[in-house]
Amino acid sequence: MPLVHIELIEGRNHEQLKGMVKDVTEAISKNTGAPKEHIHVVLSEMKKEHYAVGGVLKSDE
């Protein structure tokens with residue numbers, strides 16, 4: 001059972017997340033042979049205040 005964790009900064013709408021999960025599931029199935037119904041995808045969304053790059057919070061950009 002493949003288990004995929006994806007961490008994102010919040011801000012994508014339902015349709016964008018739905019499309020991403022579908023595409024990721026397709027890619028995992030294609031490349032591993034795992035049945036789609038056995039592929040689990042976990043999305044974790046972070047607030048911009050909780051993520052930084054180069055010492056700068058994304059909320060401060």
# chains A, B, ... in the order shown; residues from 1 in each chain; ligands from 1
>>> select_by_dssp(residues="chain A", states="alpha helix (DSSP H)", output="list in words")
His14, Glu15, Gln16, Leu17, Lys18, Gly19, Met20, Val21, Lys22, Asp23, Val24, Thr25, Glu26, Ala27, Ile28, Ser29, Lys30, Asn31 and Thr32 of chain A
>>> write_last_selection(atoms="C-alpha atoms", output="PDB file, in the first residue's frame")
ATOM      1  CA  HIS A  14     -10.791  22.191  -3.651  1.00  0.00           C
ATOM      2  CA  GLU A  15     -10.574  21.600  -7.403  1.00  0.00           C
ATOM      3  CA  GLN A  16      -6.798  22.130  -7.446  1.00  0.00           C
ATOM      4  CA  LEU A  17      -6.268  19.696  -4.576  1.00  0.00           C
ATOM      5  CA  LYS A  18      -8.625  17.174  -6.157  1.00  0.00           C
ATOM      6  CA  GLY A  19      -6.711  17.342  -9.451  1.00  0.00           C
ATOM      7  CA  MET A  20      -3.350  16.987  -7.725  1.00  0.00           C
ATOM      8  CA  VAL A  21      -4.469  13.944  -5.736  1.00  0.00           C
ATOM      9  CA  LYS A  22      -5.817  12.332  -8.910  1.00  0.00           C
ATOM     10  CA  ASP A  23      -2.579  12.987 -10.834  1.00  0.00           C
ATOM     11  CA  VAL A  24      -0.362  11.747  -7.983  1.00  0.00           C
ATOM     12  CA  THR A  25      -2.462   8.592  -7.647  1.00  0.00           C
ATOM     13  CA  GLU A  26      -2.209   7.970 -11.403  1.00  0.00           C
ATOM     14  CA  ALA A  27       1.583   8.408 -11.344  1.00  0.00           C
ATOM     15  CA  ILE A  28       2.078   6.083  -8.370  1.00  0.00           C
ATOM     16  CA  SER A  29      -0.170   3.442  -9.900  1.00  0.00           C
ATOM     17  CA  LYS A  30       1.541   3.679 -13.290  1.00  0.00           C
ATOM     18  CA  ASN A  31       5.053   3.432 -11.863  1.00  0.00           C
ATOM     19  CA  THR A  32       4.491   0.837  -9.142  1.00  0.00           C
TER      20      THR A  32
END
>>> residues_around(residues="stretch 1-12 of chain A", least_positions_apart="4", cutoff="6 Å", atoms="only C-alpha atoms", output="PyMOL selection string")
chain A and resi 38-47
>>> atom_distance(atom1="atom CA of A:Asn13", atom2="atom CA of A:Gly55")
27.3 Å
>>> residues_around(residues="A:Ser59", least_positions_apart="5", cutoff="9 Å", atoms="only C-alpha atoms", output="PyMOL selection string")
chain A and resi 47-52
>>> select_by_dssp(residues="chain A", states="strand (DSSP E or B)", output="count of residues only")
18
